[in-house]
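target18.txt (compact mmCIF, C-alpha atoms)
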# COMPACT_ATOMS: atom_id res chain seq x y z
CA MET X 28 -72.26 166.14 97.00
CA SER X 29 -73.25 165.14 93.50
CA THR X 30 -75.56 168.13 93.19
CA PRO X 31 -75.15 169.45 89.64
CA LYS X 32 -74.34 173.08 90.43
CA GLU X 33 -72.19 173.59 93.45
CA PRO X 34 -72.37 176.96 95.18
CA GLN X 35 -69.21 179.01 94.72
CA TYR X 36 -68.41 179.44 98.43
CA ARG X 37 -68.00 175.69 98.87
CA LYS X 38 -64.98 175.67 96.60
CA ARG X 39 -63.13 178.11 98.87
CA VAL X 40 -60.27 176.73 100.96
CA GLY X 41 -61.70 178.53 103.98
CA TYR X 42 -64.96 176.58 103.78
CA GLN X 43 -63.08 173.29 103.62
CA ALA X 44 -60.88 174.22 106.57
CA VAL X 45 -63.84 175.30 108.67
CA LEU X 46 -65.69 172.13 107.71
CA LEU X 47 -62.82 169.87 108.69
CA GLY X 48 -62.11 171.83 111.85
CA GLY X 49 -65.77 171.88 112.76
CA PHE X 50 -66.11 168.14 112.39
CA SER X 51 -62.95 167.52 114.42
CA THR X 52 -64.23 169.77 117.22
CA LEU X 53 -67.62 168.09 117.13
CA ALA X 54 -66.02 164.64 117.21
CA THR X 55 -63.85 165.61 120.18
CA ALA X 56 -66.82 167.05 122.04
CA LEU X 57 -68.84 163.89 121.41
CA LEU X 58 -66.04 161.65 122.64
CA VAL X 59 -65.52 163.76 125.76
CA ALA X 60 -69.24 163.65 126.49
CA GLY X 61 -69.30 159.90 125.88
CA ASN X 62 -66.34 159.39 128.16
CA ILE X 63 -67.88 161.43 130.97
CA ALA X 64 -71.19 159.60 130.64
CA THR X 65 -69.67 156.12 130.73
CA LYS X 66 -66.54 156.52 132.87
CA ASP X 67 -68.06 155.71 136.26
CA ASP X 68 -70.07 152.78 134.98
CA ILE X 69 -67.04 151.30 133.22
CA MET X 70 -64.96 151.66 136.40
CA ALA X 71 -67.67 149.95 138.43
CA ARG X 72 -67.92 147.11 135.90
CA GLN X 73 -64.14 146.64 135.91
CA LYS X 74 -64.16 146.48 139.70
CA GLU X 75 -66.88 143.85 139.58
CA ASP X 76 -64.83 141.87 137.06
CA LEU X 77 -61.75 142.08 139.26
CA LEU X 78 -63.70 140.98 142.32
CA ARG X 79 -65.24 138.12 140.36
CA SER X 80 -61.86 136.84 139.23
CA LEU X 81 -60.45 137.26 142.75
CA ASN X 82 -63.34 135.26 144.14
CA GLN X 83 -62.47 132.40 141.82
CA VAL X 84 -59.11 131.97 143.51
CA VAL X 85 -60.02 133.05 147.05
CA PRO X 86 -63.14 131.36 148.42
CA THR X 87 -65.38 133.81 150.27
CA GLU X 88 -65.20 131.88 153.57
CA TYR X 89 -61.54 132.91 153.82
CA TYR X 90 -62.26 136.58 154.51
CA ASP X 91 -64.81 138.97 155.92
CA SER X 92 -63.25 142.19 154.61
CA ASP X 93 -63.37 143.94 151.25
CA LEU X 94 -60.80 142.24 149.03
CA LEU X 95 -60.27 145.39 146.98
CA ASP X 96 -59.65 147.46 150.11
CA GLN X 97 -56.06 148.71 150.59
CA PRO X 98 -54.14 146.53 148.15
CA LEU X 99 -50.39 146.24 148.79
CA SER X 100 -47.91 147.29 146.15
CA ILE X 101 -44.61 145.41 146.41
CA PRO X 102 -41.80 145.29 143.84
CA ASP X 103 -41.10 141.74 142.64
CA ASN X 104 -37.72 140.28 141.66
CA LYS X 105 -37.85 141.88 138.23
CA GLY X 106 -38.54 145.31 139.74
CA ASP X 107 -42.15 145.57 138.56
CA ASN X 108 -44.72 146.54 141.12
CA LEU X 109 -47.08 143.73 142.06
CA THR X 110 -50.50 144.58 143.39
CA VAL X 111 -51.46 142.13 146.12
CA TYR X 112 -55.08 141.91 147.29
CA ARG X 113 -55.59 140.74 150.85
CA GLY X 114 -58.50 139.01 152.50
CA LEU X 115 -58.74 139.64 156.24
CA GLN X 116 -60.51 137.61 158.84
CA GLY X 117 -60.76 139.73 161.94
CA MET X 118 -57.38 141.47 161.91
CA GLN X 119 -55.46 138.51 160.44
CA VAL X 120 -54.41 138.32 156.80
CA ASN X 121 -55.98 135.03 155.86
CA ALA X 122 -55.73 134.92 152.07
CA LEU X 123 -53.77 136.71 149.38
CA ALA X 124 -54.23 137.02 145.65
CA TRP X 125 -52.17 138.60 142.91
CA GLU X 126 -51.48 138.40 139.20
CA VAL X 127 -48.59 136.41 137.78
CA VAL X 128 -47.44 136.20 134.18
CA GLY X 129 -46.18 133.12 132.37
CA LYS X 130 -44.28 133.14 129.09
CA GLY X 131 -46.48 130.95 126.92
CA TYR X 132 -46.15 129.62 123.41
CA ALA X 133 -47.82 132.72 121.99
CA GLY X 134 -46.95 135.58 124.31
CA ASP X 135 -47.82 136.28 127.91
CA ILE X 136 -50.32 134.21 129.85
CA ARG X 137 -51.88 136.36 132.57
CA LEU X 138 -52.90 134.38 135.63
CA ILE X 139 -54.40 135.21 138.97
CA MET X 140 -53.39 133.07 141.92
CA GLY X 141 -54.73 132.94 145.45
CA ILE X 142 -52.98 131.42 148.47
CA ASN X 143 -53.75 131.09 152.16
CA ALA X 144 -51.52 132.39 154.96
CA LYS X 145 -49.59 129.09 155.05
CA GLY X 146 -48.55 129.53 151.43
CA GLU X 147 -50.85 126.84 150.03
CA VAL X 148 -52.46 127.49 146.68
CA LEU X 149 -56.21 128.14 146.97
CA GLY X 150 -56.70 128.50 143.26
CA VAL X 151 -55.15 129.57 139.96
CA ARG X 152 -57.09 130.90 136.97
CA VAL X 153 -56.14 132.19 133.55
CA LEU X 154 -57.15 135.80 132.94
CA SER X 155 -55.97 136.08 129.35
CA HIS X 156 -53.84 134.13 126.93
CA ALA X 157 -53.22 133.68 123.22
CA GLU X 158 -52.34 129.98 123.22
CA THR X 159 -53.35 127.74 120.35
CA PRO X 160 -57.05 126.84 120.39
CA GLY X 161 -57.54 123.13 120.85
CA LEU X 162 -54.03 122.52 122.20
CA GLY X 163 -52.87 125.10 124.71
CA ASP X 164 -56.27 126.42 125.72
CA LYS X 165 -56.87 123.48 128.08
CA ILE X 166 -55.48 125.83 130.72
CA GLU X 167 -58.89 127.53 130.83
CA VAL X 168 -61.04 126.10 133.58
CA ALA X 169 -64.00 126.13 131.18
CA LYS X 170 -62.22 123.69 128.86
CA ASP X 171 -60.34 121.39 131.24
CA ASP X 172 -59.82 121.01 134.98
CA TRP X 173 -56.03 120.81 134.66
CA ILE X 174 -55.57 124.18 136.36
CA LEU X 175 -57.33 122.88 139.49
CA GLY X 176 -54.37 120.53 139.96
CA PHE X 177 -52.43 123.32 141.67
CA ASN X 178 -54.88 123.54 144.58
CA ASP X 179 -53.38 122.81 148.02
CA HIS X 180 -49.82 122.68 146.72
CA SER X 181 -47.17 124.76 148.48
CA LEU X 182 -43.40 125.00 148.60
CA ASP X 183 -43.50 122.88 151.77
CA ASN X 184 -45.47 119.92 150.47
CA THR X 185 -44.03 120.01 146.95
CA SER X 186 -40.27 120.20 146.42
CA ASN X 187 -38.60 122.50 143.91
CA GLN X 188 -37.85 119.42 141.81
CA GLN X 189 -41.57 118.56 141.75
CA TRP X 190 -42.64 122.05 140.64
CA ARG X 191 -42.26 121.06 136.99
CA VAL X 192 -44.28 119.26 134.33
CA LYS X 193 -43.98 115.46 134.29
CA LYS X 194 -41.85 115.54 131.15
CA ASP X 195 -39.23 117.53 133.08
CA GLY X 196 -39.41 115.24 136.10
CA GLY X 197 -42.03 117.14 138.09
CA LYS X 198 -45.51 116.22 139.26
CA PHE X 199 -47.79 118.31 136.99
CA ASP X 200 -49.28 116.92 133.78
CA GLN X 201 -48.49 118.38 130.39
CA PHE X 202 -50.96 118.17 127.46
CA SER X 203 -50.37 115.93 124.48
CA GLY X 204 -48.97 118.23 121.82
CA ALA X 205 -48.41 121.17 124.13
CA THR X 206 -45.67 121.25 126.75
CA ILE X 207 -44.61 124.89 126.60
CA THR X 208 -47.95 126.22 127.84
CA PRO X 209 -48.26 124.10 131.01
CA ARG X 210 -44.55 124.51 131.68
CA ALA X 211 -44.99 128.30 131.60
CA ILE X 212 -47.85 128.16 134.08
CA VAL X 213 -46.11 125.78 136.48
CA THR X 214 -43.07 128.09 136.46
CA ALA X 215 -45.21 131.20 136.98
CA VAL X 216 -47.11 129.69 139.93
CA HIS X 217 -43.86 128.45 141.46
CA ASP X 218 -42.35 131.93 141.08
CA GLY X 219 -45.43 133.33 142.78
CA LEU X 220 -44.94 131.04 145.76
CA VAL X 221 -41.24 131.94 145.95
CA PHE X 222 -42.30 135.60 145.97
CA PHE X 223 -44.57 134.85 148.93
CA GLN X 224 -41.75 133.04 150.73
CA GLN X 225 -39.44 136.02 150.25
CA HIS X 226 -41.98 138.60 151.37
CA THR X 227 -43.98 136.60 153.92
CA ASP X 228 -43.62 139.09 156.77
CA GLU X 229 -44.47 142.07 154.67
CA LEU X 230 -47.46 140.34 153.07
CA LEU X 231 -48.95 138.93 156.27
CA ARG X 232 -48.53 142.08 158.37
CA PRO X 233 -52.06 143.24 159.18
CA PRO X 234 -52.89 146.56 157.55
CA VAL X 235 -52.40 149.55 159.83
CA ILE X 236 -55.76 151.08 160.41
CA ASN X 237 -55.74 154.74 161.08
CA SER X 238 -58.75 155.33 163.26
CA ASP X 239 -59.42 158.69 161.60
CA ASP X 240 -59.33 157.37 158.06
CA GLU X 241 -61.14 154.14 158.56
CA PRO X 242 -64.78 155.24 158.81
CA LEU X 243 -64.27 157.56 155.86
CA GLN X 244 -62.95 154.78 153.67
CA ARG X 245 -65.71 152.42 154.60
CA ALA X 246 -68.23 155.12 153.83
CA SER X 247 -66.78 155.90 150.43
CA LEU X 248 -66.72 152.22 149.51
CA SER X 249 -70.30 151.61 150.46
CA GLU X 250 -71.49 154.32 148.11
CA MET M 21 -88.61 152.77 93.34
CA SER M 22 -89.14 149.22 94.56
CA SER M 23 -86.77 147.95 91.89
CA ASP M 24 -84.11 150.19 93.48
CA TYR M 25 -84.54 148.38 96.78
CA ARG M 26 -84.53 145.00 95.07
CA ARG M 27 -81.25 146.00 93.42
CA ILE M 28 -79.77 147.11 96.78
CA THR M 29 -80.83 143.85 98.42
CA LYS M 30 -79.34 141.71 95.66
CA ASP M 31 -76.14 143.76 95.63
CA GLY M 32 -75.64 143.52 99.38
CA LEU M 33 -76.40 139.87 99.75
CA TRP M 34 -74.82 138.40 96.63
CA ASP M 35 -73.81 140.35 93.51
CA ASN M 36 -71.70 142.94 95.29
CA ASN M 37 -71.16 141.14 98.60
CA ILE M 38 -68.47 142.91 100.66
CA VAL M 39 -66.39 139.79 101.12
CA PHE M 40 -67.14 137.58 98.15
CA ALA M 41 -67.32 140.25 95.44
CA GLN M 42 -65.51 143.33 96.73
CA ALA M 43 -62.98 141.37 98.83
CA LEU M 44 -63.06 144.14 101.45
CA GLY M 45 -62.88 143.81 105.21
CA LEU M 46 -60.39 140.99 105.12
CA CYS M 47 -58.62 142.13 108.30
CA PRO M 48 -61.49 141.41 110.69
CA LEU M 49 -62.52 138.51 108.49
CA LEU M 50 -59.33 136.53 108.90
CA ALA M 51 -58.79 137.57 112.49
CA VAL M 52 -62.07 136.44 114.03
CA THR M 53 -63.60 133.73 111.85
CA GLY M 54 -62.00 130.85 113.74
CA THR M 55 -65.51 129.90 114.86
CA ALA M 56 -68.98 130.53 113.46
CA THR M 57 -70.02 132.27 116.69
CA ASN M 58 -67.24 134.83 116.46
CA GLY M 59 -68.13 135.44 112.83
CA LEU M 60 -71.74 136.06 113.80
CA GLY M 61 -70.79 138.48 116.59
CA MET M 62 -68.46 140.46 114.36
CA GLY M 63 -71.02 140.51 111.55
CA LEU M 64 -73.80 141.83 113.77
CA ALA M 65 -71.63 144.55 115.32
CA THR M 66 -70.49 145.63 111.86
CA THR M 67 -74.08 145.74 110.60
CA VAL M 68 -75.09 148.14 113.37
CA VAL M 69 -72.19 150.46 112.58
CA MET M 70 -72.93 150.32 108.84
CA VAL M 71 -76.57 151.32 109.30
CA ALA M 72 -75.60 154.15 111.65
CA SER M 73 -72.87 155.45 109.37
CA GLY M 74 -75.25 155.26 106.41
CA LEU M 75 -77.70 157.42 108.33
CA LEU M 76 -75.16 160.04 109.42
CA ILE M 77 -73.27 160.33 106.17
CA SER M 78 -76.34 160.58 103.97
CA LEU M 79 -77.71 163.24 106.33
CA LEU M 80 -74.51 165.27 106.06
CA ARG M 81 -73.95 164.70 102.35
CA GLY M 82 -75.23 168.19 101.56
CA ILE M 83 -72.52 170.02 103.49
CA ILE M 84 -69.48 167.81 103.01
CA THR M 85 -67.43 168.79 99.98
CA PRO M 86 -65.71 166.20 97.80
CA GLN M 87 -62.27 167.57 98.65
CA VAL M 88 -62.44 166.79 102.37
CA ARG M 89 -64.93 163.93 102.32
CA ILE M 90 -62.52 161.09 103.14
CA PRO M 91 -61.12 162.51 106.41
CA VAL M 92 -64.62 163.52 107.50
CA PHE M 93 -66.01 160.03 106.80
CA VAL M 94 -63.12 158.39 108.66
CA LEU M 95 -63.72 160.73 111.59
CA ILE M 96 -67.46 159.98 111.68
CA ILE M 97 -66.93 156.23 111.55
CA ALA M 98 -64.21 156.30 114.21
CA VAL M 99 -66.33 158.39 116.60
CA LEU M 100 -69.31 156.14 116.01
CA VAL M 101 -67.35 152.98 116.77
CA THR M 102 -65.74 154.49 119.86
CA LEU M 103 -69.10 155.64 121.23
CA VAL M 104 -70.63 152.21 120.60
CA ASP M 105 -67.65 150.59 122.32
CA MET M 106 -67.84 152.86 125.38
CA SER M 107 -71.58 152.60 125.87
CA MET M 108 -71.56 148.82 125.47
CA ASN M 109 -68.75 148.57 128.01
CA ALA M 110 -70.72 150.64 130.50
CA TRP M 111 -74.27 149.40 130.04
CA VAL M 112 -74.20 145.95 128.44
CA HIS M 113 -71.00 144.75 129.98
CA ASP M 114 -71.57 141.01 129.54
CA LEU M 115 -72.15 141.38 125.83
CA HIS M 116 -69.16 143.69 125.64
CA LYS M 117 -66.95 141.00 127.14
CA VAL M 118 -67.83 138.75 124.22
CA LEU M 119 -67.92 141.34 121.45
CA GLY M 120 -65.42 143.78 122.95
CA LEU M 121 -62.58 142.23 121.06
CA PHE M 122 -64.28 142.86 117.72
CA ILE M 123 -65.56 146.40 118.13
CA PRO M 124 -62.29 148.31 117.74
CA LEU M 125 -61.55 146.06 114.76
CA ILE M 126 -64.63 147.44 112.98
CA VAL M 127 -62.74 150.68 112.34
CA THR M 128 -60.22 148.70 110.30
CA ASN M 129 -63.01 147.46 108.07
CA CYS M 130 -62.60 149.56 104.96
CA ALA M 131 -65.94 148.25 103.68
CA ILE M 132 -67.71 150.79 105.89
CA LEU M 133 -65.74 153.67 104.39
CA GLY M 134 -66.30 152.10 101.00
CA ARG M 135 -70.08 152.14 101.37
CA ALA M 136 -70.00 155.67 102.81
CA GLU M 137 -68.05 156.84 99.79
CA SER M 138 -69.82 154.96 97.04
CA PHE M 139 -73.38 154.85 98.34
CA ALA M 140 -74.36 156.89 101.38
CA SER M 141 -72.77 160.10 100.09
CA ARG M 142 -74.98 160.08 96.97
CA ASN M 143 -78.28 158.63 98.17
CA THR M 144 -81.20 159.45 100.43
CA VAL M 145 -81.20 158.63 104.12
CA VAL M 146 -83.64 155.72 103.92
CA LYS M 147 -81.86 154.16 100.95
CA SER M 148 -78.47 154.53 102.64
CA MET M 149 -79.64 152.89 105.83
CA TYR M 150 -81.22 150.09 103.84
CA ASP M 151 -78.00 149.65 101.91
CA GLY M 152 -76.04 149.51 105.17
CA LEU M 153 -78.41 146.88 106.50
CA MET M 154 -78.18 144.71 103.38
CA MET M 155 -74.40 145.05 103.11
CA GLY M 156 -74.16 144.20 106.80
CA ILE M 157 -76.33 141.12 106.44
CA GLY M 158 -74.28 140.04 103.43
CA PHE M 159 -71.12 140.53 105.47
CA THR M 160 -72.56 138.59 108.41
CA PHE M 161 -73.54 135.78 106.06
CA ALA M 162 -69.99 135.64 104.69
CA MET M 163 -68.44 135.72 108.17
CA VAL M 164 -70.69 132.94 109.48
CA LEU M 165 -70.09 130.80 106.38
CA LEU M 166 -66.32 131.18 106.62
CA GLY M 167 -66.35 130.76 110.41
CA ALA M 168 -68.49 127.63 110.16
CA ALA M 169 -66.26 126.08 107.47
CA ARG M 170 -63.11 126.80 109.47
CA GLU M 171 -64.64 125.63 112.73
CA ILE M 172 -65.86 122.33 111.27
CA LEU M 173 -62.57 121.60 109.55
CA GLY M 174 -60.37 122.96 112.29
CA SER M 175 -62.00 121.84 115.52
CA GLY M 176 -64.89 119.57 114.54
CA THR M 177 -67.55 121.70 116.23
CA LEU M 178 -70.14 124.23 115.09
CA PHE M 179 -71.30 127.39 116.90
CA ASN M 180 -69.13 126.60 119.91
CA ASN M 181 -69.82 129.07 122.78
CA ALA M 182 -72.86 130.50 121.00
CA ALA M 183 -74.63 130.71 124.37
CA GLN M 184 -72.10 133.31 125.51
CA LEU M 185 -73.09 135.57 122.64
CA LEU M 186 -76.81 134.93 122.29
CA GLY M 187 -77.87 133.87 125.78
CA SER M 188 -78.41 130.45 127.30
CA TRP M 189 -81.24 129.47 124.93
CA ALA M 190 -78.60 129.11 122.22
CA HIS M 191 -77.04 125.98 123.73
CA PHE M 192 -78.92 123.78 121.31
CA ILE M 193 -77.06 125.14 118.26
CA GLU M 194 -73.69 124.26 119.78
CA ILE M 195 -72.89 121.04 117.98
CA THR M 196 -69.93 118.73 118.20
CA LEU M 197 -69.83 117.24 114.72
CA ILE M 198 -66.81 115.01 115.02
CA ASP M 199 -66.24 113.39 118.41
CA ASP M 200 -62.68 113.14 119.66
CA TYR M 201 -61.39 115.23 116.73
CA LYS M 202 -57.71 116.03 117.04
CA GLY M 203 -58.06 119.38 115.28
CA PHE M 204 -56.56 120.78 112.09
CA LEU M 205 -54.40 123.62 113.28
CA LEU M 206 -53.65 125.20 109.89
CA ILE M 207 -57.32 125.95 109.28
CA ILE M 208 -57.72 127.75 112.62
CA LEU M 209 -54.65 129.95 112.12
CA PRO M 210 -54.94 132.99 109.78
CA PRO M 211 -53.43 131.22 106.70
CA GLY M 212 -56.33 128.78 106.95
CA GLY M 213 -58.65 131.76 106.66
CA PHE M 214 -57.09 132.65 103.30
CA LEU M 215 -57.26 129.03 102.11
CA VAL M 216 -60.92 128.53 103.00
CA MET M 217 -61.78 131.99 101.64
CA GLY M 218 -60.11 131.01 98.34
CA PHE M 219 -62.23 127.89 98.02
CA ILE M 220 -65.41 129.82 98.83
CA LEU M 221 -64.56 132.49 96.24
CA ALA M 222 -63.93 129.82 93.61
CA MET M 223 -67.27 128.20 94.41
CA LYS M 224 -69.08 131.53 94.10
CA ARG M 225 -67.51 132.10 90.68
CA LEU M 226 -68.61 128.63 89.61
CA LEU M 227 -72.16 129.28 90.81
CA ASP M 228 -72.27 132.67 89.09
CA ARG M 229 -71.09 131.16 85.82
CA LYS M 230 -73.65 128.36 86.03
CA MET M 231 -76.39 130.93 86.61
CA ALA M 232 -75.19 133.11 83.72
CA GLU M 233 -75.11 130.09 81.40
CA ARG M 234 -78.61 129.11 82.34
CA GLU M 235 -79.84 132.64 81.77
CA GLN M 236 -78.13 132.77 78.38
CA LYS M 237 -79.69 129.48 77.36
CA ALA M 238 -83.07 130.77 78.39
CA THR M 239 -82.71 133.91 76.28
CA GLU M 240 -81.37 131.90 73.31
CA ALA M 241 -84.29 129.52 73.57
CA SER M 242 -86.78 132.36 73.62
CA ALA M 243 -84.98 133.99 70.66
CA GLU M 244 -85.27 130.76 68.67
CA LEU M 245 -88.89 130.46 69.55
CA GLN M 246 -89.77 133.96 68.47
CA PRO M 247 -89.56 133.59 64.63
CA GLU M 248 -91.78 130.52 64.77
CA SER M 249 -94.42 132.21 66.79
CA SER M 250 -94.50 135.35 64.70

Would you mind giving the structure from this file in structure tokens?
Amino acid sequence: MSTPKEPQYRKRVGYQAVLLGGFSTLATALLVAGNIATKDDIMARQKEDLLRSLNQVVPTEYYDSDLLDQPLSIPDNKGDNLTVYRGLQGMQVNALAWEVVGKGYAGDIRLIMGINAKGEVLGVRVLSHAETPGLGDKIEVAKDDWILGFNDHSLDNTSNQQWRVKKDGGKFDQFSGATITPRAIVTAVHDGLVFFQQHTDELLRPPVINSDDEPLQRASLSE
Amino acid sequence: MSSDYRRITKDGLWDNNIVFAQALGLCPLLAVTGTATNGLGMGLATTVVMVASGLLISLLRGIITPQVRIPVFVLIIAVLVTLVDMSMNAWVHDLHKVLGLFIPLIVTNCAILGRAESFASRNTVVKSMYDGLMMGIGFTFAMVLLGAAREILGSGTLFNNAAQLLGSWAHFIEITLIDDYKGFLLIILPPGGFLVMGFILAMKRLLDRKMAEREQKATEASAELQPESS
């Protein structure tokens, strides 16, 4: 570039245009190649991640099927589609897990919750959040075991009045200095249980297994 | 020749440090230096990209004309970062989960474009890569320093979660300095990044001035000595 005498053709607009166009084409080709090379691996990794987070809220002894197999898609009260993963034991739906969202102090808190067929919470975990470090981040199981306090609670054994933080007259602890974060999670988990109550039949109906499809699906999953 | 490399080393690490002298790359700097570990992760990822962009841009410096150099450099850096991001996601997924947040942010680091423009486009391949390495190490040093200062003041720990980044052997550098510390929220939030950065910049200036004074005294002393000895 700082060569003393520059050849004449390099000053032409055409050379510049071809240069820029050439680099853009090359960049696109590289990105396409990169995408093709990594796509399948990234998908597989994401599936592993999903299964790992599902296994945190649904213990493996609750099912003998593939959790990721045939997820249900049901619209929730706000009209968004919820993806519900089901764990089967034999032909019975024995455990369910889906994502819920709480409105935290700093944006959405994404949670995954698992329940058994009786509507009792098996586990709740935070998938992502932007709460204040040191105050609101006690919702992470790695930092505090507060989130384990939801285990075994259901709408039957805990009244609507009790599904609140202690400050609001409920039975769940808040953190010193942070009430909004735990309040958001308690509300989100409660909403999740209400969703289960409203859609119990639909959620617990065993999946219809088409005898033609079934072996095919199993085969493709075991690949 | 070797004095060239000494110059590059000194520039990258101190005299022309990306953060402390050029004040570039402040976007990733303020965003991720809440802890020393995050600073280290971001610094290392940036170093890799700087060395690679130094290599590519110095290789291509013969065919890129000055008129279109900036879009071409931006394109090269963006492709490089995206490829690094994709391949880490696919093949070193655990590391990607820790660093993944930082990698797209590297594109916003104008220091990389700055070095491509002011160094790699006018120097040989080896020199450019060496410059990228030194600038990257200087950047990492600045990120870790700032992250450590903010982490100590803000949460009372040092290198928290380092084992996630470096592997389980790194548990021993995770230190809780102040037990039962209530935290200093302002320092952890982005404004705290500016505050701490300001203090560090002031300290660097002070150090530089002290060093210059000492040097001046040394030359004055030798100048006074000379007439006597002659």

Notebook entry, point to check: Counting all atoms listed in the file, which residues from chain X have an atom at most 10 Å from any atom of chain M, and could you show them as number ranges by chain?
Noted result: X: 28-30, 33, 37-38, 40, 42-44, 46-51, 53-55, 57-62, 64-73, 76, 159-162

Next item on the list: Determine the nearest neighbour of X:Val151 from the options X:Ile174, X:Val45, X:Ile136, X:Ile63, counting all atoms listed in the file.
Entry: X:Ile174

Note to self: One number please: atom CA of M:Ile132 to atom CA of M:Ile90, in Å, one decimal.
What the structure shows: 11.9 Å

Checklist line | Between atom CA of M:Phe122 and atom CA of M:Lys224, distance in Å (one decimal) | finding: 26.6 Å

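With atom CA of M:Cys130 on one side and atom CA of M:Leu44 on the other, the separation reads 6.5 Å.
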
Margin query: With distances taken over all atoms listed in the file, which residue among X:Ala124, X:Ile166, X:Val84, X:Ile207 lies nearest X:Leu99?
Written below: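 For X:Leu99, the nearest of the candidates is X:Ala124.
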
Notebook entry, point to check: Could you name the residues that touch M:Lys147 at 12 Å or less, counting only C-alpha atoms, but leaving out those on the same chain fewer than 3 positions away, as a list in words?
Noted result: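 My list of contacting residues is Met21, Ser22, Asp24, Tyr25, Arg26, Arg27, Ile28, Thr29, Val71, Gly74, Leu75, Ile77, Ser78, Leu79, Arg135, Phe139, Ala140, Ser141, Arg142, Asn143, Thr144, Tyr150, Asp151, Gly152, Leu153, Met154 and Met155 of chain M.
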
Checklist line | Nearest to X:Val216, chosen from X:Tyr132, X:Tyr112, X:Tyr36, X:Trp125, with all atoms listed in the file counted in the distances | finding: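 Between X:Tyr132, X:Tyr112, X:Tyr36, X:Trp125, the residue approaching X:Val216 most closely is X:Trp125.
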
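Shortest atom-to-atom contact with M:Leu50 among M:Phe161, M:Leu166, M:Thr196, M:Lys237: M:Leu166, counting all atoms listed in the file.
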
Item checked: Surrounding residues of M:Cys47 excluding itself and chain neighbours under 4 positions, 8 Å, only C-alpha atoms, as a VMD selection string -> chain M and resid 51 128 to 129

Next item on the list: Might you pull out every residue within 9 Å of X:Leu175, with all atoms listed in the file counted and same-chain residues fewer than 4 positions away left off, and present them as a ChimeraX atom specification?
Entry: /X:150-152,168,171

Next item on the list: Can you pull out every residue within 12 Å of X:Arg79, counting only C-alpha atoms, but drop anything in the same chain fewer than 4 positions away, and send it as a list in words?
Entry: Arg72, Gln73, Lys74, Glu75, Gln83, Val84, Val85, Pro86, Thr87, Leu94, Leu95, Ile139, Arg152 and Leu154 of chain X

Next item on the list: Would you mind listing what lies within 10 Å of stretch 56-63 of chain M as a ChimeraX atom specification, with only C-alpha atoms counted and same-chain residues fewer than 4 positions away left out?
Entry: /M:48-52,67-68,115,118-123,125-126,156-172,177-186,194

Using the partial input, fill out stretch 145-156 of chain X with N, CA and C atoms; write the result as an mmCIF file, keeping the file's coordinate frame.
data_model
loop_
_atom_site.group_PDB
_atom_site.id
_atom_site.type_symbol
_atom_site.label_atom_id
_atom_site.label_comp_id
_atom_site.auth_asym_id
_atom_site.auth_seq_id
_atom_site.Cartn_x
_atom_site.Cartn_y
_atom_site.Cartn_z
ATOM 1 N N LYS X 145 -50.653 130.099 154.924
ATOM 2 C CA LYS X 145 -49.590 129.090 155.050
ATOM 3 C C LYS X 145 -48.835 128.907 153.731
ATOM 4 N N GLY X 146 -49.240 129.644 152.714
ATOM 5 C CA GLY X 146 -48.550 129.530 151.430
ATOM 6 C C GLY X 146 -49.059 128.386 150.587
ATOM 7 N N GLU X 147 -50.272 127.896 150.861
ATOM 8 C CA GLU X 147 -50.850 126.840 150.030
ATOM 9 C C GLU X 147 -51.767 127.459 148.986
ATOM 10 N N VAL X 148 -51.680 126.924 147.779
ATOM 11 C CA VAL X 148 -52.460 127.490 146.680
ATOM 12 C C VAL X 148 -53.945 127.226 146.906
ATOM 13 N N LEU X 149 -54.749 128.294 146.876
ATOM 14 C CA LEU X 149 -56.210 128.140 146.970
ATOM 15 C C LEU X 149 -56.816 127.993 145.591
ATOM 16 N N GLY X 150 -56.183 128.622 144.617
ATOM 17 C CA GLY X 150 -56.700 128.500 143.260
ATOM 18 C C GLY X 150 -55.842 129.296 142.289
ATOM 19 N N VAL X 151 -55.828 128.849 141.036
ATOM 20 C CA VAL X 151 -55.150 129.570 139.960
ATOM 21 C C VAL X 151 -56.123 129.629 138.797
ATOM 22 N N ARG X 152 -56.240 130.789 138.165
ATOM 23 C CA ARG X 152 -57.090 130.900 136.970
ATOM 24 C C ARG X 152 -56.374 131.726 135.916
ATOM 25 N N VAL X 153 -56.700 131.429 134.664
ATOM 26 C CA VAL X 153 -56.140 132.190 133.550
ATOM 27 C C VAL X 153 -57.005 133.409 133.292
ATOM 28 N N LEU X 154 -56.397 134.588 133.261
ATOM 29 C CA LEU X 154 -57.150 135.800 132.940
ATOM 30 C C LEU X 154 -57.171 136.050 131.446
ATOM 31 N N SER X 155 -56.005 135.920 130.804
ATOM 32 C CA SER X 155 -55.970 136.080 129.350
ATOM 33 C C SER X 155 -54.777 135.331 128.790
ATOM 34 N N HIS X 156 -54.931 134.846 127.571
ATOM 35 C CA HIS X 156 -53.840 134.130 126.930
ATOM 36 C C HIS X 156 -54.086 134.130 125.433
#
